[in-house]
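Source file: structure_24.cif (mmCIF, C-alpha atoms and all ligand atoms)
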data_run
loop_
_atom_site.label_atom_id
_atom_site.label_comp_id
_atom_site.auth_asym_id
_atom_site.auth_seq_id
_atom_site.Cartn_x
_atom_site.Cartn_y
_atom_site.Cartn_z
CA MET R 169 -9.16 -5.35 -14.47
CA ASN R 170 -12.14 -7.29 -13.14
CA LEU R 171 -14.60 -4.45 -13.78
CA ASP R 172 -16.67 -6.84 -15.89
CA LYS R 173 -17.00 -9.05 -12.81
CA LEU R 174 -18.40 -6.13 -10.82
CA GLN R 175 -20.90 -5.40 -13.62
CA GLN R 176 -21.91 -9.04 -13.66
CA TRP R 177 -22.38 -8.93 -9.90
CA LEU R 178 -24.64 -5.89 -10.23
CA GLN R 179 -26.83 -7.79 -12.66
CA ASP R 180 -26.89 -10.97 -10.57
CA SER R 181 -27.63 -9.16 -7.32
CA GLY R 182 -30.38 -6.92 -8.66
CA ASN R 183 -28.43 -3.67 -8.28
CA ASP R 184 -28.39 -0.84 -10.82
CA VAL R 185 -25.38 1.20 -9.71
CA ALA R 186 -22.24 0.65 -7.64
CA PHE R 187 -20.78 3.73 -5.99
CA ILE R 188 -17.11 2.92 -5.30
CA SER R 189 -15.57 5.43 -2.91
CA ASN R 190 -12.48 3.75 -1.46
CA PRO R 191 -9.42 5.00 -3.42
CA ILE R 192 -7.76 1.57 -3.11
CA THR R 193 -10.82 -0.13 -4.59
CA ILE R 194 -10.95 2.47 -7.37
CA SER R 195 -7.31 1.75 -8.12
CA TYR R 196 -8.01 -1.99 -8.10
CA PHE R 197 -10.69 -1.64 -10.78
CA THR R 198 -9.19 1.17 -12.87
CA GLY R 199 -5.41 1.15 -12.40
CA TYR R 200 -5.69 4.83 -11.47
CA SER R 201 -4.42 5.56 -8.01
CA MET R 202 -4.77 8.89 -6.21
CA ASP R 203 -5.18 10.35 -2.75
CA PRO R 204 -8.10 12.81 -2.98
CA HIS R 205 -7.61 14.22 0.53
CA GLU R 206 -10.96 15.78 1.46
CA ARG R 207 -12.21 16.07 -2.13
CA ILE R 208 -14.64 13.66 -3.80
CA PHE R 209 -13.19 10.73 -5.78
CA ALA R 210 -15.44 7.95 -7.00
CA LEU R 211 -15.92 5.21 -9.55
CA VAL R 212 -19.52 4.83 -10.66
CA VAL R 213 -20.35 1.51 -12.29
CA PHE R 214 -23.67 0.51 -13.87
CA LYS R 215 -25.20 -2.84 -14.63
CA ASP R 216 -25.74 -1.83 -18.25
CA ALA R 217 -24.08 1.53 -19.01
CA GLU R 218 -20.56 2.93 -19.33
CA PRO R 219 -18.82 3.48 -15.97
CA PHE R 220 -17.07 6.74 -15.13
CA VAL R 221 -14.37 7.98 -12.81
CA PHE R 222 -15.30 11.15 -10.95
CA CYS R 223 -12.49 13.30 -9.57
CA PRO R 224 -11.36 16.88 -8.94
CA ALA R 225 -10.65 18.84 -12.15
CA LEU R 226 -7.00 19.09 -11.15
CA ASN R 227 -6.67 15.29 -11.42
CA VAL R 228 -8.52 14.79 -14.72
CA GLU R 229 -5.45 14.81 -16.97
CA GLU R 230 -3.50 12.30 -14.88
CA ALA R 231 -6.57 10.06 -14.68
CA LYS R 232 -6.85 10.12 -18.47
CA ASP R 233 -3.13 9.34 -18.80
CA SER R 234 -3.42 6.38 -16.42
CA GLU R 235 -4.27 2.77 -17.25
CA TRP R 236 -7.96 3.71 -17.06
CA ASP R 237 -9.34 4.23 -20.56
CA GLY R 238 -12.98 4.85 -19.63
CA ASP R 239 -14.67 8.20 -19.04
CA VAL R 240 -13.32 10.72 -16.55
CA ILE R 241 -15.54 13.51 -15.23
CA GLY R 242 -14.07 16.35 -13.21
CA TYR R 243 -15.42 19.08 -10.98
CA LEU R 244 -14.06 22.42 -9.87
CA ASP R 245 -13.67 23.29 -6.20
CA SER R 246 -16.33 25.96 -6.75
CA GLU R 247 -18.89 23.43 -8.06
CA ASP R 248 -21.24 21.03 -6.27
CA PRO R 249 -19.77 17.55 -6.92
CA TRP R 250 -22.93 15.68 -5.90
CA GLY R 251 -25.10 17.51 -8.40
CA ILE R 252 -22.62 16.70 -11.19
CA ILE R 253 -22.52 13.03 -10.19
CA ALA R 254 -26.32 12.91 -10.18
CA ASP R 255 -26.61 14.54 -13.62
CA ASN R 256 -24.16 12.06 -15.11
CA VAL R 257 -25.86 9.05 -13.53
CA ARG R 258 -29.25 10.16 -14.90
CA LYS R 259 -27.74 10.78 -18.34
CA ARG R 260 -26.28 7.28 -18.51
CA ALA R 261 -28.63 4.92 -16.77
CA LYS R 262 -32.38 4.63 -17.09
CA GLU R 263 -32.51 2.63 -13.88
CA HIS R 264 -30.81 3.94 -10.79
CA HIS R 265 -33.03 2.68 -8.07
CA ASN R 266 -30.85 0.14 -6.29
CA TRP R 267 -27.41 1.38 -5.32
CA ALA R 268 -24.63 -0.74 -3.86
CA ILE R 269 -22.17 1.19 -1.72
CA GLU R 270 -18.96 0.38 0.14
CA LYS R 271 -20.37 0.41 3.64
CA ASP R 272 -16.97 0.08 5.26
CA ASP R 273 -15.75 3.19 3.45
CA LEU R 274 -18.45 5.73 2.49
CA SER R 275 -18.74 8.37 5.19
CA VAL R 276 -22.13 9.19 6.66
CA ALA R 277 -21.82 12.76 5.34
CA HIS R 278 -21.17 11.60 1.77
CA TYR R 279 -23.89 8.97 2.00
CA GLN R 280 -26.40 11.62 3.02
CA ARG R 281 -25.38 13.90 0.12
CA LEU R 282 -25.78 11.04 -2.35
CA ARG R 283 -29.18 10.07 -0.93
CA GLY R 284 -30.21 13.70 -1.13
CA GLU R 285 -29.76 13.56 -4.92
CA PHE R 286 -31.73 10.30 -5.29
CA ALA R 287 -34.44 10.52 -2.66
CA ASN R 288 -36.44 7.60 -4.06
CA SER R 289 -33.54 5.22 -4.46
CA SER R 290 -32.32 2.49 -2.11
CA PHE R 291 -28.80 2.53 -0.71
CA THR R 292 -29.05 -0.47 1.56
CA ASN R 293 -26.84 -2.90 -0.37
CA ASP R 294 -23.19 -3.41 0.47
CA VAL R 295 -20.73 -4.20 -2.32
CA SER R 296 -17.76 -4.59 0.08
CA PRO R 297 -18.07 -8.37 0.71
CA PHE R 298 -18.12 -9.07 -3.03
CA ILE R 299 -15.02 -6.93 -3.58
CA GLU R 300 -13.17 -8.56 -0.67
CA LYS R 301 -13.84 -11.96 -2.18
CA LEU R 302 -12.78 -10.87 -5.65
CA ARG R 303 -9.54 -9.45 -4.24
CA LEU R 304 -8.74 -12.76 -2.51
CA TYR R 305 -7.60 -14.26 -5.80
CA LYS R 306 -4.64 -12.49 -7.36
CA THR R 307 -4.09 -12.41 -11.11
CA PRO R 308 -0.66 -13.19 -12.62
CA GLU R 309 -0.15 -9.43 -13.14
CA GLU R 310 -0.86 -8.73 -9.49
CA ILE R 311 1.50 -11.52 -8.40
CA LYS R 312 4.27 -10.00 -10.50
CA LYS R 313 3.83 -6.69 -8.71
CA LEU R 314 3.85 -8.41 -5.31
CA GLN R 315 7.11 -10.14 -6.30
CA GLY R 316 8.55 -6.78 -7.31
CA ALA R 317 7.66 -5.39 -3.90
CA GLY R 318 9.23 -8.45 -2.28
CA ALA R 319 12.52 -7.88 -4.08
CA GLU R 320 12.62 -4.35 -2.65
CA ALA R 321 12.10 -5.74 0.85
CA ASP R 322 15.02 -8.13 0.33
CA PHE R 323 17.16 -5.14 -0.68
CA ALA R 324 16.01 -3.25 2.42
CA PHE R 325 17.18 -6.08 4.71
CA LYS R 326 20.70 -5.86 3.26
CA ILE R 327 20.83 -2.14 3.98
CA GLY R 328 19.45 -2.68 7.48
CA PHE R 329 21.83 -5.50 8.45
CA ASP R 330 24.76 -3.46 7.21
CA ALA R 331 23.70 -0.41 9.26
CA ILE R 332 23.82 -2.25 12.61
CA ARG R 333 26.65 -1.19 14.92
CA THR R 334 27.07 -0.55 18.64
CA GLY R 335 25.23 2.58 19.72
CA VAL R 336 23.26 3.20 16.52
CA THR R 337 19.60 3.99 17.18
CA GLU R 338 16.73 1.94 15.81
CA ARG R 339 15.44 5.11 14.19
CA SER R 340 18.74 5.73 12.41
CA ILE R 341 18.75 2.21 10.96
CA ALA R 342 15.15 2.64 9.79
CA GLY R 343 16.04 6.01 8.25
CA GLN R 344 18.98 4.53 6.36
CA ILE R 345 16.72 1.79 4.97
CA ASP R 346 14.07 4.26 3.82
CA TYR R 347 16.65 6.62 2.29
CA GLN R 348 18.47 3.89 0.34
CA LEU R 349 15.14 2.47 -0.88
CA LYS R 350 14.31 5.89 -2.23
CA ILE R 351 17.63 6.75 -3.85
CA GLN R 352 18.66 3.29 -5.09
CA LYS R 353 15.29 1.70 -5.88
CA GLY R 354 13.05 4.70 -6.52
CA VAL R 355 10.62 3.58 -3.83
CA MET R 356 8.05 6.30 -3.25
CA HIS R 357 6.36 4.83 -0.17
CA GLU R 358 6.99 2.16 2.38
CA SER R 359 3.90 0.00 2.86
CA PHE R 360 4.06 0.89 6.59
CA GLU R 361 6.56 2.59 8.86
CA THR R 362 9.80 0.59 8.84
CA ILE R 363 10.18 -1.29 12.12
CA VAL R 364 13.61 -1.87 13.70
CA GLN R 365 13.70 -3.19 17.28
CA ALA R 366 16.74 -4.12 19.33
CA GLY R 367 16.86 -6.28 22.45
CA LYS R 368 13.78 -6.20 24.66
CA ASN R 369 12.01 -3.66 22.40
CA ALA R 370 11.37 -6.53 19.99
CA ALA R 371 9.00 -8.08 22.53
CA ASN R 372 6.42 -5.41 21.52
CA PRO R 373 5.50 -6.47 17.97
CA HIS R 374 4.39 -3.07 16.66
CA LEU R 375 6.61 -0.71 18.65
CA GLY R 376 8.94 1.83 17.22
CA PRO R 377 11.44 2.47 15.83
CA THR R 378 12.66 4.35 18.92
CA MET R 379 15.86 6.16 19.97
CA ASN R 380 16.98 2.95 21.70
CA GLN R 381 20.63 2.15 20.82
CA VAL R 382 21.75 -1.28 19.64
CA GLN R 383 24.02 -3.07 22.13
CA PRO R 384 26.32 -6.06 21.61
CA ASN R 385 24.78 -9.53 21.83
CA GLU R 386 21.20 -8.44 21.20
CA LEU R 387 18.70 -9.77 18.72
CA VAL R 388 17.52 -7.12 16.27
CA LEU R 389 14.13 -7.49 14.60
CA PHE R 390 13.22 -5.88 11.26
CA ASP R 391 9.70 -5.68 9.84
CA LEU R 392 9.41 -3.71 6.61
CA GLY R 393 7.88 -3.40 3.19
CA THR R 394 7.40 -1.17 0.16
CA MET R 395 4.69 -0.22 -2.30
CA HIS R 396 5.55 -1.35 -5.83
CA ASP R 397 3.16 -0.46 -8.68
CA GLY R 398 0.38 -0.19 -6.13
CA TYR R 399 1.14 -3.51 -4.38
CA ALA R 400 2.64 -4.03 -0.94
CA SER R 401 5.43 -6.11 0.50
CA ASP R 402 5.73 -7.04 4.17
CA SER R 403 8.55 -9.16 5.56
CA SER R 404 10.36 -9.69 8.87
CA ARG R 405 13.79 -10.98 9.78
CA THR R 406 15.55 -11.22 13.12
CA VAL R 407 19.36 -11.23 13.33
CA ALA R 408 21.90 -11.55 16.13
CA TYR R 409 24.35 -8.70 16.66
CA GLY R 410 27.37 -10.35 18.30
CA THR R 411 27.17 -13.73 20.00
CA PRO R 412 23.64 -14.94 20.79
CA SER R 413 22.97 -16.62 24.13
CA ASP R 414 21.58 -20.17 24.24
CA LYS R 415 18.12 -18.83 25.02
CA GLN R 416 18.21 -16.27 22.17
CA ARG R 417 19.31 -19.02 19.84
CA GLU R 418 16.60 -21.36 21.09
CA ILE R 419 13.67 -19.00 20.53
CA TYR R 420 15.06 -18.18 17.10
CA GLU R 421 15.30 -21.83 16.09
CA VAL R 422 11.80 -22.65 17.38
CA ASP R 423 10.33 -19.74 15.41
CA ARG R 424 12.33 -20.68 12.34
CA GLU R 425 11.05 -24.26 12.50
CA ALA R 426 7.45 -23.09 12.94
CA GLN R 427 7.72 -20.72 9.97
CA GLN R 428 9.31 -23.34 7.75
CA ALA R 429 6.68 -25.95 8.66
CA ALA R 430 3.86 -23.52 7.85
CA ILE R 431 5.41 -22.60 4.51
CA GLU R 432 5.64 -26.29 3.64
CA ALA R 433 2.05 -26.93 4.77
CA ALA R 434 0.53 -24.03 2.83
CA LYS R 435 -1.20 -25.42 -0.25
CA PRO R 436 -4.69 -25.67 -1.72
CA GLY R 437 -7.07 -27.58 0.55
CA ILE R 438 -5.71 -26.65 3.97
CA THR R 439 -7.84 -24.19 5.94
CA ALA R 440 -6.58 -20.91 7.34
CA GLU R 441 -6.93 -22.11 10.94
CA GLU R 442 -5.24 -25.44 10.22
CA LEU R 443 -2.28 -23.53 8.82
CA ASP R 444 -2.15 -21.32 11.91
CA SER R 445 -2.10 -24.50 14.02
CA VAL R 446 0.87 -25.97 12.13
CA ALA R 447 3.09 -23.15 13.39
CA ARG R 448 1.35 -22.66 16.73
CA ASP R 449 1.67 -26.34 17.72
CA ILE R 450 5.45 -26.29 17.20
CA ILE R 451 5.85 -23.14 19.29
CA THR R 452 3.50 -24.47 21.99
CA LYS R 453 5.28 -27.85 22.21
CA ALA R 454 8.57 -26.01 22.67
CA GLY R 455 7.02 -24.21 25.65
CA TYR R 456 6.59 -20.77 24.11
CA GLY R 457 2.89 -20.86 23.14
CA GLU R 458 1.96 -18.04 25.50
CA TYR R 459 4.52 -15.79 23.79
CA PHE R 460 3.02 -16.17 20.28
CA ILE R 461 0.46 -13.41 20.72
CA HIS R 462 -0.96 -12.85 17.24
CA ARG R 463 -2.40 -14.73 14.28
CA LEU R 464 -0.08 -16.53 11.89
CA GLY R 465 -0.72 -14.18 9.00
CA HIS R 466 -2.81 -11.80 6.95
CA GLY R 467 -3.63 -11.37 3.30
CA ILE R 468 -1.59 -8.94 1.22
CA GLY R 469 -2.22 -7.08 -2.03
CA LYS R 470 -3.01 -3.43 -2.57
CA ASN R 471 -3.35 -3.23 1.20
CA VAL R 472 -0.66 -4.49 3.50
CA HIS R 473 -3.39 -6.19 5.53
CA GLU R 474 -6.35 -7.67 3.69
CA TYR R 475 -8.07 -11.04 3.36
CA PRO R 476 -7.55 -13.92 4.01
CA SER R 477 -6.80 -13.83 7.72
CA ILE R 478 -4.74 -16.84 8.80
CA VAL R 479 -6.25 -17.18 12.24
CA GLN R 480 -7.97 -19.64 14.60
CA GLY R 481 -11.68 -19.66 13.84
CA ASN R 482 -11.29 -19.07 10.11
CA ASP R 483 -12.24 -22.26 8.27
CA LEU R 484 -11.69 -20.72 4.83
CA VAL R 485 -10.11 -23.30 2.53
CA LEU R 486 -6.98 -21.87 0.96
CA GLU R 487 -6.85 -21.90 -2.83
CA GLU R 488 -4.47 -21.15 -5.65
CA GLY R 489 -3.92 -17.41 -6.14
CA MET R 490 -4.46 -16.39 -2.51
CA CYS R 491 -1.62 -14.27 -1.12
CA PHE R 492 -0.78 -13.85 2.57
CA SER R 493 1.95 -13.65 5.18
CA ILE R 494 3.34 -16.49 7.30
CA GLU R 495 4.83 -14.78 10.35
CA PRO R 496 5.04 -16.68 13.61
CA GLY R 497 6.67 -14.77 16.45
CA ILE R 498 7.89 -15.33 19.98
CA TYR R 499 7.92 -12.30 22.26
CA ILE R 500 9.33 -12.58 25.76
CA PRO R 501 8.75 -9.35 27.72
CA GLY R 502 11.92 -7.78 29.09
CA PHE R 503 14.11 -10.17 27.12
CA ALA R 504 13.78 -10.35 23.34
CA GLY R 505 11.50 -10.95 20.39
CA VAL R 506 11.76 -13.01 17.24
CA ARG R 507 9.60 -12.87 14.14
CA ILE R 508 10.26 -14.38 10.73
CA GLU R 509 7.84 -13.40 8.00
CA ASP R 510 7.41 -14.02 4.31
CA CYS R 511 4.43 -13.18 2.15
CA GLY R 512 3.71 -15.40 -0.82
CA VAL R 513 1.12 -16.96 -3.08
CA VAL R 514 -0.62 -20.32 -2.91
CA THR R 515 0.30 -22.23 -6.07
CA LYS R 516 -1.19 -25.38 -7.58
CA ASP R 517 0.63 -27.55 -5.04
CA GLY R 518 2.43 -25.30 -2.57
CA PHE R 519 3.36 -21.78 -1.55
CA LYS R 520 5.77 -19.46 -3.31
CA PRO R 521 7.29 -16.70 -1.14
CA PHE R 522 7.84 -13.17 -2.48
CA THR R 523 10.91 -12.60 -0.25
CA HIS R 524 14.07 -14.69 -0.21
CA THR R 525 16.42 -13.24 2.42
CA ASP R 526 18.16 -16.15 4.15
CA LYS R 527 16.58 -17.46 7.33
CA ASP R 528 19.44 -19.34 9.01
CA LEU R 529 20.31 -17.30 12.12
CA LYS R 530 22.51 -14.51 10.86
CA ILE R 531 25.27 -13.55 13.29
CA LEU R 532 26.63 -10.09 12.56
CA PRO R 533 30.11 -9.21 13.80
CA LEU R 534 30.40 -6.36 16.35
CA LYS R 535 31.17 -2.94 14.83
CA ASP R 536 32.00 0.34 16.55
MN MN E 601 2.87 -8.73 8.33
#

As structure tokens - that is how I would like this structure written.
Ligand code: MN
Amino acid sequence: MNLDKLQQWLQDSGNDVAFISNPITISYFTGYSMDPHERIFALVVFKDAEPFVFCPALNVEEAKDSEWDGDVIGYLDSEDPWGIIADNVRKRAKEHHNWAIEKDDLSVAHYQRLRGEFANSSFTNDVSPFIEKLRLYKTPEEIKKLQGAGAEADFAFKIGFDAIRTGVTERSIAGQIDYQLKIQKGVMHESFETIVQAGKNAANPHLGPTMNQVQPNELVLFDLGTMHDGYASDSSRTVAYGTPSDKQREIYEVDREAQQAAIEAAKPGITAEELDSVARDIITKAGYGEYFIHRLGHGIGKNVHEYPSIVQGNDLVLEEGMCFSIEPGIYIPGFAGVRIEDCGVVTKDGFKPFTHTDKDLKILPLKD
């Protein structure tokens, strides 16, 4: 689970201890996933001693039953967690001078408690950039989980398309999707709130779902995803309910062409910003550049948004194993919005999507 890489990094970077506090990062390294709420949950890793997971006593048994087979140390609500962490660090490691922390996660209050236990130690080093880089490259096991999440998103689209009828609210369609995911697929969590937008609501990319009712001859935009074994899916489709107008059809086809071109261009060697340009140039040439108001895509993994960012200004060269979304959109205020999105993985010579729902413009018959 890449913990050896973190230990190697500690040695190479002159650090003695890594204090991992972000539950997603802990799950990445240990396979044990938990929401600690306000309690203390940490993974403590040493350059040359056995790591341990630190968690509330009420979670110790499930941590031991998880994929994590290292030590688990618990604390009662009535005990001082920081004192117990400090005792265990001193017991294990002779050297605990240089600590690396997750600066984008550890709260100031927790940082001060930790420092209070080790007054002569340094806590200036940030382990976050190393972890971000490590997480850029997905292992075959991670890719399998991302594909599993993608299959659930494909299922969700079927439920959603089938739920469209005149007068149904966006919120009702979203609710039907979430319910069927739970009862038919055993999905515990969506990776974000299911988005369903009809007509002009779809011109606001992150709005809703609202109580707006679907009307005949509108475009309906879906953006949804699930968590599957700790990995996220994220996919968008736009369908026509009834007969699309020429203009609705045109923005759909331009977006479709841009998305397809970017999928075909995604391969090792192209940079993130070059890939963004592939889609953006097509939309701009068609006259809709000003309506494509976000980056082409974002990385995906344990988080629904992570690195790499597929955006102008990012000259990162894409490589095999990187996973991200390709999601051009066209949003015309007061009229309609279109987005088509697939996440996938860069392969040796191309890009393999995790979702497979058809992308020819789907025209759904009117239903009462
Ligand atoms: Mn997305």

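Counting all atoms listed in the file, the residue from R:His265, R:Arg260, R:Arg207, R:His396 that sits nearest to R:Tyr243 is R:Arg207.
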
Using all atoms listed in the file, the best pick from R:Leu226, R:Cys491, R:Val213, R:Leu529 as closest to ligand MN 601 (chain E) would be R:Cys491

Which one is closest to R:His524: R:Ile269, R:Ala324, R:Ile311, R:Ile241? Count all atoms listed in the file.
->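 When distances to R:His524 are compared using all atoms listed in the file, the smallest one comes from R:Ala324.
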
Return as a ChimeraX atom specification every polymer residue, whether protein, DNA or RNA, with at least one atom no more than 9 Å from an atom of ligand MN 601 (chain E); count only C-alpha atoms and all ligand atoms.
-> /R:391-393,401-404,465-468,472-473,492-495,509-511

Can you work out which one of R:Leu314, R:Leu282, R:Ile345, R:Lys470 has the shortest atom-to-atom distance to R:Phe197, counting all atoms listed in the file?
-> R:Lys470

Could you jot down the atom CA of R:Asp172 to atom CA of R:Thr307 separation for me, Å, one decimal place?
->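 These two atoms are separated by 14.6 Å.
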
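Reported to one decimal place, the separation of atom CA of R:Trp250 from atom CA of R:Arg283 is 9.8 Å.
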
Just give me the gap between atom CA of R:Glu263 and atom CA of R:Glu218 in Å, one decimal is fine.
-> 13.1 Å

Could you add N, CA, C and O atoms to stretch 416-430 of chain R and give me the result as a tab-separated table (two decimals), in the frame of the given file?
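See result.tsv below for the written result:
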chain	number	residue	atom	x	y	z
R	416	GLN	N	18.51	-17.03	23.40
R	416	GLN	CA	18.21	-16.27	22.17
R	416	GLN	C	18.20	-17.22	20.97
R	416	GLN	O	17.32	-17.17	20.12
R	417	ARG	N	19.19	-18.08	20.95
R	417	ARG	CA	19.31	-19.02	19.84
R	417	ARG	C	18.12	-19.98	19.82
R	417	ARG	O	17.57	-20.29	18.77
R	418	GLU	N	17.70	-20.40	21.01
R	418	GLU	CA	16.60	-21.36	21.09
R	418	GLU	C	15.29	-20.76	20.55
R	418	GLU	O	14.60	-21.39	19.74
R	419	ILE	N	14.95	-19.55	21.00
R	419	ILE	CA	13.67	-19.00	20.53
R	419	ILE	C	13.75	-18.73	19.02
R	419	ILE	O	12.77	-18.88	18.31
R	420	TYR	N	14.94	-18.37	18.55
R	420	TYR	CA	15.06	-18.18	17.10
R	420	TYR	C	14.79	-19.48	16.36
R	420	TYR	O	14.02	-19.53	15.39
R	421	GLU	N	15.43	-20.56	16.81
R	421	GLU	CA	15.30	-21.83	16.09
R	421	GLU	C	13.88	-22.39	16.14
R	421	GLU	O	13.40	-22.97	15.18
R	422	VAL	N	13.20	-22.19	17.28
R	422	VAL	CA	11.80	-22.65	17.38
R	422	VAL	C	10.94	-21.87	16.38
R	422	VAL	O	10.12	-22.44	15.65
R	423	ASP	N	11.12	-20.56	16.33
R	423	ASP	CA	10.33	-19.74	15.41
R	423	ASP	C	10.63	-20.09	13.96
R	423	ASP	O	9.74	-20.18	13.12
R	424	ARG	N	11.90	-20.32	13.70
R	424	ARG	CA	12.33	-20.68	12.34
R	424	ARG	C	11.68	-21.99	11.90
R	424	ARG	O	11.19	-22.11	10.78
R	425	GLU	N	11.66	-22.97	12.83
R	425	GLU	CA	11.05	-24.26	12.50
R	425	GLU	C	9.55	-24.11	12.25
R	425	GLU	O	8.99	-24.71	11.32
R	426	ALA	N	8.90	-23.31	13.09
R	426	ALA	CA	7.45	-23.09	12.94
R	426	ALA	C	7.15	-22.41	11.61
R	426	ALA	O	6.21	-22.79	10.90
R	427	GLN	N	7.97	-21.44	11.23
R	427	GLN	CA	7.72	-20.72	9.97
R	427	GLN	C	7.93	-21.63	8.78
R	427	GLN	O	7.14	-21.66	7.84
R	428	GLN	N	9.00	-22.42	8.85
R	428	GLN	CA	9.31	-23.34	7.75
R	428	GLN	C	8.19	-24.39	7.59
R	428	GLN	O	7.77	-24.70	6.48
R	429	ALA	N	7.74	-24.92	8.72
R	429	ALA	CA	6.68	-25.95	8.66
R	429	ALA	C	5.41	-25.38	8.05
R	429	ALA	O	4.73	-26.04	7.25
R	430	ALA	N	5.08	-24.14	8.40
R	430	ALA	CA	3.86	-23.52	7.85
R	430	ALA	C	4.01	-23.25	6.36
R	430	ALA	O	3.07	-23.46	5.59
